[in-house]
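Chemist: work.cif is reproduced below (mmCIF, C-alpha atoms and all ligand atoms).
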```
data_my_file
#
loop_
_atom_site.label_atom_id
_atom_site.label_comp_id
_atom_site.auth_asym_id
_atom_site.auth_seq_id
_atom_site.Cartn_x
_atom_site.Cartn_y
_atom_site.Cartn_z
CA MET A 20 6.07 15.44 -24.21
CA ALA A 21 5.55 15.32 -20.46
CA LYS A 22 5.18 18.65 -18.73
CA ASP A 23 7.15 19.83 -15.76
CA ARG A 24 7.90 16.75 -13.66
CA PRO A 25 9.54 18.00 -10.49
CA LEU A 26 9.31 14.64 -8.75
CA LYS A 27 11.52 12.87 -11.24
CA ARG A 28 14.63 13.57 -9.21
CA VAL A 29 12.92 12.23 -6.11
CA ALA A 30 11.99 9.09 -8.04
CA ILE A 31 15.56 8.60 -9.21
CA LEU A 32 16.78 9.15 -5.67
CA HIS A 33 14.33 6.52 -4.49
CA LEU A 34 15.64 4.01 -6.99
CA ALA A 35 19.17 4.83 -5.92
CA VAL A 36 18.28 4.34 -2.27
CA LEU A 37 16.47 1.09 -3.07
CA GLY A 38 19.49 -0.08 -5.06
CA ALA A 39 21.85 0.84 -2.27
CA ALA A 40 19.58 -0.96 0.19
CA CYS A 41 19.77 -4.11 -1.96
CA LEU A 42 23.55 -3.97 -2.01
CA SER A 43 23.89 -3.24 1.66
CA PHE A 44 21.84 -6.17 2.99
CA SER A 45 23.92 -7.55 5.79
CA SER A 46 21.80 -9.64 8.13
CA THR A 47 21.22 -13.30 7.41
CA SER A 48 17.46 -13.49 6.77
CA LYS A 49 16.41 -15.43 3.72
CA ALA A 50 14.78 -12.42 2.06
CA ASP A 51 18.15 -10.68 2.16
CA ASP A 52 19.48 -12.94 -0.55
CA LEU A 53 16.94 -11.71 -3.07
CA THR A 54 18.17 -9.71 -6.00
CA GLY A 55 16.58 -7.72 -8.82
CA ALA A 56 13.16 -8.97 -9.88
CA GLN A 57 12.86 -11.32 -6.89
CA HIS A 58 13.40 -8.35 -4.60
CA LEU A 59 10.43 -6.52 -6.15
CA VAL A 60 8.22 -9.62 -6.16
CA SER A 61 8.93 -10.16 -2.46
CA ILE A 62 8.09 -6.52 -1.68
CA THR A 63 4.80 -6.65 -3.58
CA ARG A 64 3.80 -9.89 -1.81
CA GLY A 65 4.52 -8.12 1.46
CA GLY A 66 2.49 -5.11 0.31
CA LEU A 67 -0.52 -7.33 -0.48
CA LEU A 68 -0.26 -8.92 2.97
CA TYR A 69 0.03 -5.47 4.60
CA ASP A 70 -3.26 -4.60 2.87
CA ASN A 71 -5.15 -7.78 3.86
CA TRP A 72 -3.11 -10.82 4.89
CA TYR A 73 -6.06 -13.19 5.50
CA GLY A 74 -7.64 -12.32 2.16
CA GLN A 75 -4.36 -12.75 0.34
CA LEU A 76 -3.55 -16.05 2.11
CA GLY A 77 -7.11 -17.32 1.58
CA VAL A 78 -7.54 -18.23 5.25
CA ASP A 79 -10.50 -17.55 7.55
CA ALA A 80 -10.58 -13.97 8.80
CA PRO A 81 -10.21 -13.61 12.58
CA LYS A 82 -13.60 -13.08 14.21
CA LYS A 83 -12.75 -11.16 17.36
CA THR A 84 -11.32 -7.67 17.43
CA HIS A 85 -7.50 -7.59 17.68
CA PRO A 86 -6.45 -7.35 21.37
CA SER A 87 -4.19 -4.35 20.60
CA TYR A 88 -6.94 -2.45 18.81
CA PRO A 89 -7.89 0.42 21.14
CA ALA A 90 -11.31 0.28 22.81
CA ALA A 91 -11.98 3.83 21.62
CA GLY A 92 -11.50 2.82 17.95
CA LYS A 93 -14.55 2.65 15.67
CA GLN A 94 -13.69 -0.54 13.75
CA LYS A 95 -14.23 -4.07 14.98
CA GLY A 96 -13.72 -7.69 13.99
CA ALA A 97 -11.58 -8.93 11.12
CA SER A 98 -10.48 -5.58 9.69
CA THR A 99 -8.74 -4.67 12.98
CA TRP A 100 -6.19 -7.40 12.14
CA ARG A 101 -5.08 -5.71 8.91
CA CYS A 102 -1.75 -3.86 9.15
CA LYS A 103 -3.26 -0.92 7.33
CA GLU A 104 -6.03 -0.56 9.92
CA CYS A 105 -3.56 0.26 12.70
CA HIS A 106 -0.67 1.76 10.71
CA GLY A 107 -2.45 3.45 7.79
CA TRP A 108 -2.31 3.31 4.00
CA ASP A 109 0.32 6.06 4.22
CA TYR A 110 2.30 4.06 6.81
CA LYS A 111 2.14 7.06 9.14
CA GLY A 112 -0.38 5.85 11.72
CA ASP A 113 -1.32 8.63 14.13
CA GLN A 114 0.72 11.13 12.09
CA GLY A 115 -1.06 10.40 8.81
CA ALA A 116 -4.55 10.18 7.31
CA TYR A 117 -5.71 8.08 10.27
CA SER A 118 -4.78 10.85 12.74
CA LYS A 119 -8.52 11.52 12.82
CA GLY A 120 -11.84 10.11 11.63
CA SER A 121 -13.41 6.65 11.77
CA HIS A 122 -10.05 4.86 11.41
CA PHE A 123 -8.29 6.74 14.21
CA THR A 124 -6.37 4.50 16.62
CA GLY A 125 -3.55 6.70 17.95
CA ILE A 126 -1.08 3.94 17.00
CA VAL A 127 2.34 4.84 15.56
CA GLY A 128 3.21 4.40 11.91
CA ILE A 129 5.90 2.13 10.49
CA ARG A 130 7.98 4.88 8.83
CA ASN A 131 10.76 4.59 11.43
CA MET A 132 11.33 0.98 10.39
CA THR A 133 12.20 1.83 6.80
CA HIS A 134 15.60 0.22 6.06
CA GLY A 135 15.24 -1.52 9.42
CA SER A 136 16.60 -4.96 10.20
CA LEU A 137 14.43 -7.76 8.80
CA ASP A 138 15.02 -9.91 11.86
CA LYS A 139 13.95 -7.10 14.16
CA ILE A 140 10.77 -6.44 12.15
CA SER A 141 9.89 -10.16 12.02
CA LYS A 142 10.25 -10.27 15.81
CA ILE A 143 7.85 -7.30 16.15
CA LEU A 144 5.24 -9.15 14.07
CA THR A 145 5.30 -12.12 16.40
CA ASP A 146 5.52 -10.14 19.68
CA SER A 147 2.68 -10.13 22.21
CA LYS A 148 1.27 -6.84 20.82
CA HIS A 149 0.89 -8.31 17.32
CA GLY A 150 0.54 -12.08 17.84
CA PHE A 151 0.85 -13.04 14.15
CA GLY A 152 3.21 -15.99 14.81
CA ASP A 153 0.44 -18.59 14.83
CA LEU A 154 -1.62 -16.97 12.08
CA ILE A 155 0.79 -15.99 9.32
CA PRO A 156 3.27 -18.53 7.90
CA LYS A 157 7.01 -17.81 8.24
CA ASP A 158 7.64 -17.05 4.56
CA SER A 159 4.78 -14.53 4.60
CA LEU A 160 6.15 -12.89 7.76
CA ALA A 161 9.49 -12.60 5.95
CA VAL A 162 8.01 -10.78 2.94
CA LEU A 163 5.98 -8.56 5.27
CA ALA A 164 9.23 -7.56 6.98
CA HIS A 165 10.76 -7.02 3.56
CA PHE A 166 7.90 -4.72 2.62
CA VAL A 167 8.22 -2.72 5.85
CA ALA A 168 11.99 -2.32 5.39
CA HIS A 169 12.14 -1.68 1.64
CA GLY A 170 8.64 -1.33 0.14
CA GLN A 171 7.14 1.65 1.92
CA VAL A 172 7.56 5.24 0.74
CA ASP A 173 6.93 8.67 2.21
CA MET A 174 3.57 9.37 0.57
CA ASP A 175 3.75 13.05 1.47
CA GLU A 176 6.30 13.35 -1.35
CA PHE A 177 3.63 12.25 -3.82
CA ILE A 178 0.26 13.39 -2.44
CA ASP A 179 -0.63 16.83 -1.10
CA ARG A 180 -2.08 16.09 2.33
CA GLY A 181 -4.30 19.17 2.40
CA THR A 182 -5.97 18.79 -0.99
CA LYS A 183 -5.43 15.00 -1.47
CA LYS A 184 -4.19 15.84 -5.00
CA ALA A 185 -1.53 13.59 -6.52
CA LEU A 186 1.62 15.53 -7.39
CA GLY A 187 1.90 13.82 -10.75
CA ASP A 188 1.55 14.29 -14.49
CA ALA A 189 -1.94 13.07 -15.47
CA GLU A 190 -1.05 13.01 -19.21
CA HIS A 191 1.75 10.53 -18.64
CA GLY A 192 -0.49 8.64 -16.21
CA GLU A 193 -3.19 8.37 -18.87
CA ARG A 194 -0.79 6.60 -21.26
CA ILE A 195 0.02 3.97 -18.64
CA PHE A 196 -3.56 3.64 -17.38
CA GLN A 197 -5.08 3.17 -20.83
CA THR A 198 -2.57 0.47 -21.80
CA THR A 199 -2.61 -1.47 -18.51
CA CYS A 200 -5.34 -0.73 -15.95
CA ALA A 201 -8.05 -0.17 -18.60
CA ARG A 202 -7.86 -3.83 -19.71
CA CYS A 203 -9.66 -4.75 -16.50
CA HIS A 204 -11.09 -1.51 -15.18
CA GLY A 205 -12.29 -0.06 -18.49
CA LYS A 206 -11.37 3.20 -20.24
CA ASP A 207 -13.13 5.29 -17.60
CA GLY A 208 -12.32 3.00 -14.65
CA LYS A 209 -15.98 2.00 -14.33
CA GLU A 210 -15.85 -1.56 -15.64
CA ILE A 211 -15.29 -2.93 -12.11
CA ASN A 212 -17.59 -1.72 -9.34
CA PHE A 213 -15.99 -2.33 -5.90
CA LYS A 214 -19.23 -1.79 -3.98
CA THR A 215 -22.94 -2.17 -4.70
CA ASP A 216 -25.11 -1.04 -7.62
CA LYS A 217 -26.84 1.37 -5.29
CA ASN A 218 -23.62 2.76 -3.88
CA PRO A 219 -21.02 2.21 -6.61
CA GLU A 220 -17.32 2.76 -6.15
CA TYR A 221 -14.88 2.91 -9.05
CA ILE A 222 -11.21 3.73 -9.47
CA GLY A 223 -12.10 7.42 -9.78
CA THR A 224 -14.03 7.26 -6.51
CA VAL A 225 -11.24 5.59 -4.53
CA ALA A 226 -8.43 7.67 -6.08
CA THR A 227 -10.22 10.87 -5.11
CA ALA A 228 -11.42 9.87 -1.64
CA ASN A 229 -8.39 7.82 -0.59
CA PRO A 230 -5.32 8.57 -2.72
CA TRP A 231 -3.03 6.83 -0.17
CA GLU A 232 -4.90 3.52 -0.50
CA THR A 233 -4.87 3.86 -4.28
CA LEU A 234 -1.13 4.55 -4.39
CA HIS A 235 -0.48 1.52 -2.18
CA LYS A 236 -2.54 -0.64 -4.56
CA ILE A 237 -0.95 0.82 -7.72
CA ARG A 238 2.45 -0.13 -6.31
CA ASN A 239 1.58 -3.58 -4.94
CA GLY A 240 -1.71 -4.73 -6.49
CA GLN A 241 -4.98 -5.86 -4.92
CA PRO A 242 -5.06 -8.86 -2.53
CA ALA A 243 -6.62 -12.13 -3.67
CA VAL A 244 -7.26 -11.07 -7.29
CA PRO A 245 -4.90 -11.14 -10.28
CA MET A 246 -4.43 -7.36 -10.40
CA ILE A 247 -0.96 -6.28 -11.57
CA SER A 248 1.68 -4.48 -9.50
CA MET A 249 3.45 -1.47 -11.02
CA LEU A 250 6.47 -1.67 -8.73
CA ALA A 251 8.89 -2.23 -11.61
CA PHE A 252 7.96 1.25 -12.88
CA ASP A 253 9.48 4.27 -11.10
CA SER A 254 7.69 6.07 -8.27
CA GLN A 255 6.98 9.01 -10.59
CA SER A 256 4.93 6.75 -12.87
CA HIS A 257 2.88 5.52 -9.90
CA VAL A 258 1.94 9.04 -8.91
CA ASP A 259 1.26 9.94 -12.58
CA ILE A 260 -1.25 7.05 -12.76
CA LEU A 261 -2.81 8.29 -9.52
CA ALA A 262 -3.07 11.84 -10.92
CA TYR A 263 -4.90 10.49 -13.98
CA ALA A 264 -7.12 8.22 -11.84
CA GLN A 265 -8.23 11.35 -9.98
CA THR A 266 -9.64 12.73 -13.24
CA LEU A 267 -11.91 9.67 -13.77
CA PRO A 268 -15.63 9.67 -12.93
CA VAL A 269 -16.45 9.10 -9.25
CA LYS A 270 -19.93 7.71 -9.92
C1 LIG B 1 -4.44 -3.88 16.19
C2 LIG B 1 -3.44 -2.93 15.82
C3 LIG B 1 -2.22 -3.39 15.06
C4 LIG B 1 -2.17 -4.16 13.91
C5 LIG B 1 -3.32 -4.82 13.18
C6 LIG B 1 -0.80 -4.20 13.51
N1 LIG B 1 -0.03 -3.48 14.38
FE1 LIG B 1 1.95 -3.06 14.19
N2 LIG B 1 1.92 -2.02 15.94
C7 LIG B 1 0.81 -1.84 16.74
C8 LIG B 1 1.20 -1.11 17.93
C9 LIG B 1 0.27 -0.73 19.07
C10 LIG B 1 2.58 -0.84 17.82
C11 LIG B 1 3.45 -0.09 18.79
C12 LIG B 1 4.01 -1.08 19.73
C13 LIG B 1 4.87 -0.44 20.81
O1 LIG B 1 4.89 0.79 20.92
O2 LIG B 1 5.51 -1.21 21.51
C14 LIG B 1 3.00 -1.43 16.54
C15 LIG B 1 4.29 -1.36 16.04
C16 LIG B 1 4.69 -1.84 14.80
C17 LIG B 1 5.99 -1.67 14.23
C18 LIG B 1 7.14 -0.91 14.87
C19 LIG B 1 7.03 0.57 14.60
C20 LIG B 1 8.11 1.37 15.29
O3 LIG B 1 8.53 2.40 14.75
O4 LIG B 1 8.53 0.96 16.38
C21 LIG B 1 5.99 -2.29 13.00
C22 LIG B 1 7.13 -2.38 12.00
C23 LIG B 1 4.68 -2.86 12.82
N3 LIG B 1 3.91 -2.57 13.93
C24 LIG B 1 4.28 -3.57 11.70
C25 LIG B 1 3.03 -4.16 11.54
C26 LIG B 1 2.64 -4.99 10.42
C27 LIG B 1 3.52 -5.31 9.23
C28 LIG B 1 1.36 -5.40 10.65
C29 LIG B 1 0.51 -6.34 9.84
C30 LIG B 1 1.03 -7.71 9.67
C31 LIG B 1 0.93 -4.78 11.89
N4 LIG B 1 1.97 -4.06 12.41
C32 LIG B 1 -0.35 -4.88 12.40
C33 LIG B 1 -0.47 -2.23 16.45
C34 LIG B 1 -0.85 -2.98 15.34
C1 LIG B 2 -5.85 -8.04 -14.50
C2 LIG B 2 -6.92 -7.15 -14.15
C3 LIG B 2 -6.55 -5.84 -13.45
C4 LIG B 2 -5.63 -4.90 -13.83
C5 LIG B 2 -4.73 -4.91 -15.05
C6 LIG B 2 -5.73 -3.84 -12.86
N1 LIG B 2 -6.67 -4.15 -11.91
FE1 LIG B 2 -7.20 -2.99 -10.32
N2 LIG B 2 -8.41 -4.46 -9.66
C7 LIG B 2 -8.71 -5.61 -10.34
C8 LIG B 2 -9.66 -6.39 -9.57
C9 LIG B 2 -10.27 -7.72 -9.97
C10 LIG B 2 -9.92 -5.65 -8.39
C11 LIG B 2 -10.82 -6.05 -7.22
C12 LIG B 2 -12.24 -5.69 -7.45
C13 LIG B 2 -13.06 -5.94 -6.21
O1 LIG B 2 -12.52 -6.25 -5.16
O2 LIG B 2 -14.28 -5.79 -6.32
C14 LIG B 2 -9.12 -4.44 -8.48
C15 LIG B 2 -9.10 -3.45 -7.52
C16 LIG B 2 -8.50 -2.22 -7.68
C17 LIG B 2 -8.56 -1.16 -6.71
C18 LIG B 2 -9.15 -1.31 -5.35
C19 LIG B 2 -10.35 -0.58 -4.99
C20 LIG B 2 -10.86 -0.92 -3.61
O3 LIG B 2 -11.43 -0.05 -3.01
O4 LIG B 2 -10.67 -2.04 -3.12
C21 LIG B 2 -7.88 -0.09 -7.24
C22 LIG B 2 -7.68 1.28 -6.63
C23 LIG B 2 -7.38 -0.50 -8.53
N3 LIG B 2 -7.78 -1.81 -8.76
C24 LIG B 2 -6.62 0.27 -9.39
C25 LIG B 2 -5.97 -0.21 -10.51
C26 LIG B 2 -5.02 0.55 -11.30
C27 LIG B 2 -4.70 2.03 -11.08
C28 LIG B 2 -4.53 -0.29 -12.25
C29 LIG B 2 -3.43 -0.01 -13.26
C30 LIG B 2 -2.14 0.34 -12.69
C31 LIG B 2 -5.19 -1.57 -12.09
N4 LIG B 2 -6.04 -1.49 -11.02
C32 LIG B 2 -4.97 -2.68 -12.90
C33 LIG B 2 -8.19 -6.01 -11.55
C34 LIG B 2 -7.19 -5.36 -12.23
#
```
Can the structure from this file be put into structure tokens for me?

Modeler:
Amino acid sequence: MAKDRPLKRVAILHLAVLGAACLSFSSTSKADDLTGAQHLVSITRGGLLYDNWYGQLGVDAPKKTHPSYPAAGKQKGASTWRCKECHGWDYKGDQGAYSKGSHFTGIVGIRNMTHGSLDKISKILTDSKHGFGDLIPKDSLAVLAHFVAHGQVDMDEFIDRGTKKALGDAEHGERIFQTTCARCHGKDGKEINFKTDKNPEYIGTVATANPWETLHKIRNGQPAVPMISMLAFDSQSHVDILAYAQTLPVK
């Protein structure tokens, strides 16, 4: 039996809000017509593009640094074109995990656009600050907007910012992990090494060092590979998986 699960109510509330958002679509964008499963599929496609649109689309990565990437920033080249690089894995930009460190940009997050108009968000993505109109096809811009409006969550409800600990039930997370993730990542998450032999990185490593990135990937999947998305499960299950992933070996 699962232990105390205080976030369950939050998760149910989230589903209710998501449901209400589906019902209350009112503008005329194509993505607005989506219902049920299609709605989730569209969000996860948008989430993969938010992570790495050029990888997911299988197109050449831009070579120059993005014109809106601040000169004081420490990154350069292709990665400065990823949504996550400017707005963060926690969608909070300068108010979140990227408020300091090597990924600092001082750029705002996208939290204020949650439940925003899809047309308005699509326009932002093609404005002069972003310039994605010639790079990302229309249908992909539409699912990106869909993700921004309906796929992002307030990660501070699920991850303690000070300790980086997931506020979840690792026992419940273990049951899901061992029956889904382990098929590819192995029982201890070490079957796939994301980095080099010398400097290995496994699920345990990423979940501990960057729980926000891991939660984003649990929800939406990993770009350009056939990793599953857990979006059809409730938000509590996502954070339970993350809590278990944080118990796995880091090296
Ligand atoms: C190189 C940095 C950079 C990248 C990459 C980037 N953005 Fe932005 N984004 C910005 C800046 C700067 C602003 C603020 C613009 C302003 O204040 O007028 C912004 C604003 C936004 C806003 C409006 C936020 C608000 O509350 O007003 C949304 C939504 C957004 N971006 C989504 C995205 C998405 C989705 C992607 C990926 C396809 C992306 N951005 C990639 C720099 C970036
Ligand atoms: C069908 C196989 C498959 C399943 C199932 C799967 N993954 Fe993955 N996952 C992958 C592959 C392949 C990669 C990319 C490896 C790479 O880029 O080197 C990946 C990447 C990741 C990453 C990204 C690490 C990084 O730094 O880029 C995380 C985190 C992750 N998976 C967690 C999970 C979790 C948690 C689950 C279960 C909810 C899961 N995966 C289920 C195949 C899978």

Chemist: Counting all atoms listed in the file, which residue out of A:His58, A:His149, A:Ala97, A:Phe123 sits closest to ligand LIG 1 (chain B)?

Modeler: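 Closest candidate: A:His149.
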
Chemist: Check which residues fall inside 6 Å of ligand LIG 2 (chain B) when counting only C-alpha atoms and all ligand atoms, and print them as a VMD selection string.

Modeler: chain A and resid 196 199 to 200 202 to 203 213 222 225 233 236 to 237 241 244 to 247

Chemist: From the set A:Lys183, A:Lys103, A:His134, A:Lys83, which residue has the shortest atom-to-atom contact distance to ligand LIG 1 (chain B), counting all atoms listed in the file?

Modeler: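 For ligand LIG 1 (chain B), the nearest of the given residues is A:Lys103.
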
Chemist: Under the rule that only C-alpha atoms are counted, which of A:Gly152, A:Arg130, A:Arg101, A:Ser248 is the nearest residue to Asp113 of chain A?

Modeler: A:Arg130

Chemist: Between A:His257, A:Lys119, A:Lys82, A:Lys139, which one has atoms that come closest to ligand LIG 1 (chain B), using only C-alpha atoms and all ligand atoms?

Modeler: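 Going through A:His257, A:Lys119, A:Lys82, A:Lys139 one by one, the smallest distance to ligand LIG 1 (chain B) is for A:Lys139.
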
Chemist: I need the residue nearest Ile260 of chain A from this list: A:Ile195, A:Ala201, A:Ile211, A:Val127. Use only C-alpha atoms for the distance.

Modeler: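 Checking each candidate against Ile260 of chain A, we get A:Ile195 as the closest.
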
Chemist: What residues have any atom no more than 7 Å from ligand LIG 1 (chain B) when counting only C-alpha atoms and all ligand atoms, and can you list them as a PDB file with C-alpha atoms, in the coordinates of the input?

Modeler:
```pdb
ATOM      1  CA  LEU A  68      -0.260  -8.920   2.970  1.00  0.00           C
ATOM      2  CA  TYR A  69       0.030  -5.470   4.600  1.00  0.00           C
ATOM      3  CA  HIS A  85      -7.500  -7.590  17.680  1.00  0.00           C
ATOM      4  CA  PRO A  86      -6.450  -7.350  21.370  1.00  0.00           C
ATOM      5  CA  SER A  87      -4.190  -4.350  20.600  1.00  0.00           C
ATOM      6  CA  TYR A  88      -6.940  -2.450  18.810  1.00  0.00           C
ATOM      7  CA  THR A  99      -8.740  -4.670  12.980  1.00  0.00           C
ATOM      8  CA  TRP A 100      -6.190  -7.400  12.140  1.00  0.00           C
ATOM      9  CA  ARG A 101      -5.080  -5.710   8.910  1.00  0.00           C
ATOM     10  CA  CYS A 102      -1.750  -3.860   9.150  1.00  0.00           C
ATOM     11  CA  GLU A 104      -6.030  -0.560   9.920  1.00  0.00           C
ATOM     12  CA  CYS A 105      -3.560   0.260  12.700  1.00  0.00           C
ATOM     13  CA  HIS A 106      -0.670   1.760  10.710  1.00  0.00           C
ATOM     14  CA  ILE A 126      -1.080   3.940  17.000  1.00  0.00           C
ATOM     15  CA  VAL A 127       2.340   4.840  15.560  1.00  0.00           C
ATOM     16  CA  GLY A 128       3.210   4.400  11.910  1.00  0.00           C
ATOM     17  CA  ILE A 129       5.900   2.130  10.490  1.00  0.00           C
ATOM     18  CA  ARG A 130       7.980   4.880   8.830  1.00  0.00           C
ATOM     19  CA  ASN A 131      10.760   4.590  11.430  1.00  0.00           C
ATOM     20  CA  MET A 132      11.330   0.980  10.390  1.00  0.00           C
ATOM     21  CA  ILE A 140      10.770  -6.440  12.150  1.00  0.00           C
ATOM     22  CA  ILE A 143       7.850  -7.300  16.150  1.00  0.00           C
ATOM     23  CA  LEU A 144       5.240  -9.150  14.070  1.00  0.00           C
ATOM     24  CA  LYS A 148       1.270  -6.840  20.820  1.00  0.00           C
ATOM     25  CA  HIS A 149       0.890  -8.310  17.320  1.00  0.00           C
ATOM     26  CA  PHE A 151       0.850 -13.040  14.150  1.00  0.00           C
ATOM     27  CA  LEU A 163       5.980  -8.560   5.270  1.00  0.00           C
ATOM     28  CA  ALA A 164       9.230  -7.560   6.980  1.00  0.00           C
ATOM     29  CA  VAL A 167       8.220  -2.720   5.850  1.00  0.00           C
TER      30      VAL A 167
END
```

Chemist: Of the residues A:Leu137, A:Val162, A:Ile155, A:Ala264, which is the one nearest to Gly66 of chain A, using all atoms listed in the file?

Modeler: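 Closest candidate: A:Val162.
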
Chemist: Which value, in Å to one decimal, gives the distance between atom CA of His169 of chain A and atom CA of Ile62 of chain A?

Modeler: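 If I compute the distance from atom CA of His169 of chain A to atom CA of Ile62 of chain A, I get 7.1 Å.
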